[in-house]
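Inspection log for the structure reproduced underneath, given as structure tokens.
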Amino acid sequence: MTADATLSPHPFRLAVEARDLDAMTALLADDVLLFSPVAFRPFAGRAAVRELFGHLLEVFEDFHYVDELTGPTSHALLFEARVGGKQVQGLDHLRFGPDGLVTEFTVMVRPLTAAIAVAEAMGPRVGHLAKAGPTQGV
């Protein structure tokens, strides 16, 4: 992967920066899997990931992307934010299917205290998704 400041921002980045949940969701495959830094199993399916994104837009304060890395079948967006008063650094890694839609979305955050703050803020909001199916949940 290479970073290139001359490339246009990825459409997902633009959707997040616009806080446009519909545009974010439109970029996801129906069977998308989102791997969370604080969940043992992925969130599965467009509806579950859309709900998760909605809560993340509420929980993450001063969220902004600081860099992008691109490859032939994936894209990484590096971000900074605050959650529960903790500074968070993270990476959203998007993998694409042949149609260009996101099939896998992996989120990584650091430091550990930030991951704990994310878990504490998100658990009560998305815990019910754990009951939705065998591959979903916190």
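We label chains A, B, ... in the order they appear in the structure tokens, count residues from 1 in each chain, and number ligands from 1 in the order shown.
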**OP:** Write out as a ChimeraX atom specification which residues come within 9 Å of Pro11 of chain A when counting only C-alpha atoms, dropping same-chain ones fewer than 4 positions away.
**Re:** /A:15-16,23-24,27
**OP:** Can you pull out every residue within 9 Å of segment 91-101 of chain A, counting only C-alpha atoms, but drop anything in the same chain fewer than 6 positions away, and send it as number ranges by chain?
**Re:** A: 26-30, 32, 65, 73-80, 107-109
Could those selected residues go to a file with N, CA and C atoms, as a PDB file, in the first residue's frame?
ATOM      1  N   ALA A  26     -24.413   2.764   1.670  1.00  0.00           N
ATOM      2  CA  ALA A  26     -24.495   2.442   0.244  1.00  0.00           C
ATOM      3  C   ALA A  26     -23.204   1.829  -0.289  1.00  0.00           C
ATOM      4  N   LEU A  27     -22.100   2.029   0.397  1.00  0.00           N
ATOM      5  CA  LEU A  27     -20.813   1.500  -0.034  1.00  0.00           C
ATOM      6  C   LEU A  27     -20.547   0.087   0.487  1.00  0.00           C
ATOM      7  N   LEU A  28     -21.488  -0.476   1.245  1.00  0.00           N
ATOM      8  CA  LEU A  28     -21.321  -1.791   1.862  1.00  0.00           C
ATOM      9  C   LEU A  28     -22.017  -2.883   1.052  1.00  0.00           C
ATOM     10  N   ALA A  29     -21.375  -4.029   0.947  1.00  0.00           N
ATOM     11  CA  ALA A  29     -22.016  -5.208   0.367  1.00  0.00           C
ATOM     12  C   ALA A  29     -23.112  -5.681   1.317  1.00  0.00           C
ATOM     13  N   ASP A  30     -24.109  -6.362   0.797  1.00  0.00           N
ATOM     14  CA  ASP A  30     -25.200  -6.873   1.639  1.00  0.00           C
ATOM     15  C   ASP A  30     -24.674  -7.765   2.757  1.00  0.00           C
ATOM     16  N   VAL A  32     -21.636  -7.748   4.191  1.00  0.00           N
ATOM     17  CA  VAL A  32     -20.423  -7.185   4.775  1.00  0.00           C
ATOM     18  C   VAL A  32     -20.190  -7.738   6.178  1.00  0.00           C
ATOM     19  N   TYR A  65     -10.222  11.798   9.786  1.00  0.00           N
ATOM     20  CA  TYR A  65      -9.197  10.974   9.145  1.00  0.00           C
ATOM     21  C   TYR A  65      -7.945  11.810   8.943  1.00  0.00           C
ATOM     22  N   THR A  73      -6.990  -4.058  -3.823  1.00  0.00           N
ATOM     23  CA  THR A  73      -8.296  -4.582  -3.385  1.00  0.00           C
ATOM     24  C   THR A  73      -8.682  -4.117  -1.984  1.00  0.00           C
ATOM     25  N   SER A  74      -7.951  -3.141  -1.462  1.00  0.00           N
ATOM     26  CA  SER A  74      -8.280  -2.653  -0.123  1.00  0.00           C
ATOM     27  C   SER A  74      -7.848  -1.201   0.030  1.00  0.00           C
ATOM     28  N   HIS A  75      -8.314  -0.625   1.104  1.00  0.00           N
ATOM     29  CA  HIS A  75      -8.028   0.779   1.395  1.00  0.00           C
ATOM     30  C   HIS A  75      -7.978   0.917   2.917  1.00  0.00           C
ATOM     31  N   ALA A  76      -7.063   1.721   3.416  1.00  0.00           N
ATOM     32  CA  ALA A  76      -6.971   1.963   4.854  1.00  0.00           C
ATOM     33  C   ALA A  76      -7.095   3.453   5.119  1.00  0.00           C
ATOM     34  N   LEU A  77      -7.881   3.773   6.136  1.00  0.00           N
ATOM     35  CA  LEU A  77      -8.096   5.155   6.551  1.00  0.00           C
ATOM     36  C   LEU A  77      -7.656   5.278   8.003  1.00  0.00           C
ATOM     37  N   LEU A  78      -6.669   6.112   8.269  1.00  0.00           N
ATOM     38  CA  LEU A  78      -6.182   6.328   9.623  1.00  0.00           C
ATOM     39  C   LEU A  78      -6.932   7.495  10.240  1.00  0.00           C
ATOM     40  N   PHE A  79      -7.343   7.332  11.503  1.00  0.00           N
ATOM     41  CA  PHE A  79      -8.156   8.371  12.132  1.00  0.00           C
ATOM     42  C   PHE A  79      -7.691   8.701  13.533  1.00  0.00           C
ATOM     43  N   GLU A  80      -8.200   9.835  14.014  1.00  0.00           N
ATOM     44  CA  GLU A  80      -8.041  10.263  15.397  1.00  0.00           C
ATOM     45  C   GLU A  80      -9.402  10.723  15.885  1.00  0.00           C
ATOM     46  N   VAL A 107     -11.687  -2.629  12.049  1.00  0.00           N
ATOM     47  CA  VAL A 107     -11.345  -1.429  12.809  1.00  0.00           C
ATOM     48  C   VAL A 107     -10.317  -1.799  13.863  1.00  0.00           C
ATOM     49  N   MET A 108      -9.268  -1.015  13.934  1.00  0.00           N
ATOM     50  CA  MET A 108      -8.253  -1.191  14.970  1.00  0.00           C
ATOM     51  C   MET A 108      -8.102   0.134  15.698  1.00  0.00           C
ATOM     52  N   VAL A 109      -7.965   0.088  17.026  1.00  0.00           N
ATOM     53  CA  VAL A 109      -7.759   1.307  17.805  1.00  0.00           C
ATOM     54  C   VAL A 109      -6.646   1.097  18.814  1.00  0.00           C
TER      55      VAL A 109
END
**OP:** Kindly give the distance, in Å, that separates atom CA of Leu69 of chain A and atom CA of Ser36 of chain A, rounded to a single decimal.
**Re:**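 Atom CA of Ser36 of chain A lies at a distance of 19.6 Å from atom CA of Leu69 of chain A.
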**OP:** Give the helix (DSSP H, G or I) residues of chain A, as assigned by DSSP on the backbone, as a ChimeraX atom specification.
**Re:** /A:11-17,21-26,46-59,112-131
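Each of A:Gly90, A:Gly84, A:Gly71, A:Gly54 was compared to Asp22 of chain A using only C-alpha atoms, and A:Gly54 turns out to be the nearest.
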Each residue of segment 75-123 of chain A with at least one atom at most 6 Å from segment 59-63 of chain A should appear once, together with its nearest atom pair and the corresponding distance in Å (one decimal); atoms considered: only C-alpha atoms; ordering: chain, then increasing residue number; output as a Markdown table.
| residue | atom | partner | partner_atom | distance |
| --- | --- | --- | --- | --- |
| A:Glu80 | CA | A:Phe63 | CA | 5.8 |
| A:Ala81 | CA | A:Phe63 | CA | 4.3 |
| A:Arg82 | CA | A:Glu61 | CA | 5.0 |
| A:Val83 | CA | A:Phe60 | CA | 5.3 |
Residue selection dump (N, CA and C atoms) as a PDB file, in the first residue's frame:
ATOM      1  N   GLU A  80      -8.200   9.835  14.014  1.00  0.00           N
ATOM      2  CA  GLU A  80      -8.041  10.263  15.397  1.00  0.00           C
ATOM      3  C   GLU A  80      -9.402  10.723  15.885  1.00  0.00           C
ATOM      4  N   ALA A  81      -9.647  10.559  17.184  1.00  0.00           N
ATOM      5  CA  ALA A  81     -10.926  10.966  17.781  1.00  0.00           C
ATOM      6  C   ALA A  81     -10.772  10.953  19.290  1.00  0.00           C
ATOM      7  N   ARG A  82     -11.891  11.234  19.970  1.00  0.00           N
ATOM      8  CA  ARG A  82     -11.980  11.087  21.417  1.00  0.00           C
ATOM      9  C   ARG A  82     -13.223  10.260  21.722  1.00  0.00           C
ATOM     10  N   VAL A  83     -13.097   9.404  22.722  1.00  0.00           N
ATOM     11  CA  VAL A  83     -14.232   8.619  23.213  1.00  0.00           C
ATOM     12  C   VAL A  83     -14.151   8.633  24.732  1.00  0.00           C
TER      13      VAL A  83
END
Original post:
Hey, can you check how far atom CA of Leu14 of chain A sits from atom CA of Asp67 of chain A?
Top reply: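 These atoms are spaced 12.7 Å apart.
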Subject >> d(atom CA of Ala119 of chain A, atom CA of Pro37 of chain A) in Å >> reply: 8.5 Å
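Residue nearest Leu34 of chain A within the list A:Gly85, A:Val49, A:Asp20, A:Ala115: A:Val49 [criterion: smallest interatomic distance, only C-alpha atoms].
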Strand (DSSP E) per DSSP on the backbone: members of segment 36-96 of chain A, as a PDB file with N, CA and C atoms, in the first residue's frame:
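Written out: states-v7.pdb:
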ATOM      1  N   PHE A  43     -19.615  -8.160  13.232  1.00  0.00           N
ATOM      2  CA  PHE A  43     -20.985  -7.738  12.956  1.00  0.00           C
ATOM      3  C   PHE A  43     -21.237  -8.114  11.503  1.00  0.00           C
ATOM      4  N   ALA A  44     -22.354  -8.753  11.231  1.00  0.00           N
ATOM      5  CA  ALA A  44     -22.597  -9.300   9.896  1.00  0.00           C
ATOM      6  C   ALA A  44     -23.825  -8.678   9.259  1.00  0.00           C
ATOM      7  N   GLU A  61     -16.062  11.536  19.252  1.00  0.00           N
ATOM      8  CA  GLU A  61     -16.030  13.000  19.231  1.00  0.00           C
ATOM      9  C   GLU A  61     -14.813  13.466  18.439  1.00  0.00           C
ATOM     10  N   ASP A  62     -14.975  14.567  17.727  1.00  0.00           N
ATOM     11  CA  ASP A  62     -13.874  15.148  16.942  1.00  0.00           C
ATOM     12  C   ASP A  62     -13.207  14.113  16.042  1.00  0.00           C
ATOM     13  N   PHE A  63     -14.010  13.206  15.489  1.00  0.00           N
ATOM     14  CA  PHE A  63     -13.486  12.172  14.603  1.00  0.00           C
ATOM     15  C   PHE A  63     -13.001  12.814  13.310  1.00  0.00           C
ATOM     16  N   HIS A  64     -11.787  12.456  12.908  1.00  0.00           N
ATOM     17  CA  HIS A  64     -11.281  12.922  11.618  1.00  0.00           C
ATOM     18  C   HIS A  64     -10.213  11.964  11.106  1.00  0.00           C
ATOM     19  N   TYR A  65     -10.222  11.798   9.786  1.00  0.00           N
ATOM     20  CA  TYR A  65      -9.197  10.974   9.145  1.00  0.00           C
ATOM     21  C   TYR A  65      -7.945  11.810   8.943  1.00  0.00           C
ATOM     22  N   VAL A  66      -6.789  11.174   9.125  1.00  0.00           N
ATOM     23  CA  VAL A  66      -5.522  11.881   9.007  1.00  0.00           C
ATOM     24  C   VAL A  66      -4.664  11.375   7.862  1.00  0.00           C
ATOM     25  N   ASP A  67      -5.013  10.189   7.304  1.00  0.00           N
ATOM     26  CA  ASP A  67      -4.214   9.643   6.205  1.00  0.00           C
ATOM     27  C   ASP A  67      -4.994   8.525   5.533  1.00  0.00           C
ATOM     28  N   GLU A  68      -4.581   8.204   4.312  1.00  0.00           N
ATOM     29  CA  GLU A  68      -5.171   7.111   3.557  1.00  0.00           C
ATOM     30  C   GLU A  68      -4.058   6.290   2.924  1.00  0.00           C
ATOM     31  N   LEU A  69      -4.265   5.006   2.882  1.00  0.00           N
ATOM     32  CA  LEU A  69      -3.355   4.089   2.198  1.00  0.00           C
ATOM     33  C   LEU A  69      -4.200   3.273   1.236  1.00  0.00           C
ATOM     34  N   THR A  70      -3.709   3.062   0.037  1.00  0.00           N
ATOM     35  CA  THR A  70      -4.515   2.347  -0.942  1.00  0.00           C
ATOM     36  C   THR A  70      -3.744   1.191  -1.563  1.00  0.00           C
ATOM     37  N   SER A  74      -7.951  -3.141  -1.462  1.00  0.00           N
ATOM     38  CA  SER A  74      -8.280  -2.653  -0.123  1.00  0.00           C
ATOM     39  C   SER A  74      -7.848  -1.201   0.030  1.00  0.00           C
ATOM     40  N   HIS A  75      -8.314  -0.625   1.104  1.00  0.00           N
ATOM     41  CA  HIS A  75      -8.028   0.779   1.395  1.00  0.00           C
ATOM     42  C   HIS A  75      -7.978   0.917   2.917  1.00  0.00           C
ATOM     43  N   ALA A  76      -7.063   1.721   3.416  1.00  0.00           N
ATOM     44  CA  ALA A  76      -6.971   1.963   4.854  1.00  0.00           C
ATOM     45  C   ALA A  76      -7.095   3.453   5.119  1.00  0.00           C
ATOM     46  N   LEU A  77      -7.881   3.773   6.136  1.00  0.00           N
ATOM     47  CA  LEU A  77      -8.096   5.155   6.551  1.00  0.00           C
ATOM     48  C   LEU A  77      -7.656   5.278   8.003  1.00  0.00           C
ATOM     49  N   LEU A  78      -6.669   6.112   8.269  1.00  0.00           N
ATOM     50  CA  LEU A  78      -6.182   6.328   9.623  1.00  0.00           C
ATOM     51  C   LEU A  78      -6.932   7.495  10.240  1.00  0.00           C
ATOM     52  N   PHE A  79      -7.343   7.332  11.503  1.00  0.00           N
ATOM     53  CA  PHE A  79      -8.156   8.371  12.132  1.00  0.00           C
ATOM     54  C   PHE A  79      -7.691   8.701  13.533  1.00  0.00           C
ATOM     55  N   GLU A  80      -8.200   9.835  14.014  1.00  0.00           N
ATOM     56  CA  GLU A  80      -8.041  10.263  15.397  1.00  0.00           C
ATOM     57  C   GLU A  80      -9.402  10.723  15.885  1.00  0.00           C
ATOM     58  N   ALA A  81      -9.647  10.559  17.184  1.00  0.00           N
ATOM     59  CA  ALA A  81     -10.926  10.966  17.781  1.00  0.00           C
ATOM     60  C   ALA A  81     -10.772  10.953  19.290  1.00  0.00           C
ATOM     61  N   ARG A  82     -11.891  11.234  19.970  1.00  0.00           N
ATOM     62  CA  ARG A  82     -11.980  11.087  21.417  1.00  0.00           C
ATOM     63  C   ARG A  82     -13.223  10.260  21.722  1.00  0.00           C
ATOM     64  N   VAL A  83     -13.097   9.404  22.722  1.00  0.00           N
ATOM     65  CA  VAL A  83     -14.232   8.619  23.213  1.00  0.00           C
ATOM     66  C   VAL A  83     -14.151   8.633  24.732  1.00  0.00           C
ATOM     67  N   LYS A  86     -11.066   9.993  26.238  1.00  0.00           N
ATOM     68  CA  LYS A  86      -9.791   9.357  25.868  1.00  0.00           C
ATOM     69  C   LYS A  86      -9.452   9.653  24.419  1.00  0.00           C
ATOM     70  N   GLN A  87      -8.177   9.973  24.165  1.00  0.00           N
ATOM     71  CA  GLN A  87      -7.706  10.143  22.799  1.00  0.00           C
ATOM     72  C   GLN A  87      -7.601   8.764  22.147  1.00  0.00           C
ATOM     73  N   VAL A  88      -8.082   8.674  20.923  1.00  0.00           N
ATOM     74  CA  VAL A  88      -8.082   7.417  20.180  1.00  0.00           C
ATOM     75  C   VAL A  88      -7.360   7.625  18.864  1.00  0.00           C
ATOM     76  N   GLN A  89      -6.493   6.689  18.540  1.00  0.00           N
ATOM     77  CA  GLN A  89      -5.924   6.606  17.199  1.00  0.00           C
ATOM     78  C   GLN A  89      -6.401   5.289  16.624  1.00  0.00           C
ATOM     79  N   GLY A  90      -6.707   5.281  15.339  1.00  0.00           N
ATOM     80  CA  GLY A  90      -7.211   4.048  14.776  1.00  0.00           C
ATOM     81  C   GLY A  90      -7.037   3.943  13.282  1.00  0.00           C
ATOM     82  N   LEU A  91      -7.456   2.787  12.786  1.00  0.00           N
ATOM     83  CA  LEU A  91      -7.356   2.489  11.374  1.00  0.00           C
ATOM     84  C   LEU A  91      -8.601   1.730  10.958  1.00  0.00           C
ATOM     85  N   ASP A  92      -9.227   2.172   9.883  1.00  0.00           N
ATOM     86  CA  ASP A  92     -10.323   1.455   9.243  1.00  0.00           C
ATOM     87  C   ASP A  92      -9.742   0.798   7.993  1.00  0.00           C
ATOM     88  N   HIS A  93      -9.775  -0.534   7.948  1.00  0.00           N
ATOM     89  CA  HIS A  93      -9.260  -1.264   6.786  1.00  0.00           C
ATOM     90  C   HIS A  93     -10.444  -1.825   6.014  1.00  0.00           C
ATOM     91  N   LEU A  94     -10.615  -1.387   4.785  1.00  0.00           N
ATOM     92  CA  LEU A  94     -11.732  -1.787   3.947  1.00  0.00           C
ATOM     93  C   LEU A  94     -11.238  -2.729   2.855  1.00  0.00           C
ATOM     94  N   ARG A  95     -11.899  -3.874   2.720  1.00  0.00           N
ATOM     95  CA  ARG A  95     -11.620  -4.812   1.614  1.00  0.00           C
ATOM     96  C   ARG A  95     -12.832  -4.795   0.698  1.00  0.00           C
ATOM     97  N   PHE A  96     -12.562  -4.864  -0.608  1.00  0.00           N
ATOM     98  CA  PHE A  96     -13.616  -4.710  -1.592  1.00  0.00           C
ATOM     99  C   PHE A  96     -13.862  -5.992  -2.380  1.00  0.00           C
TER     100      PHE A  96
END
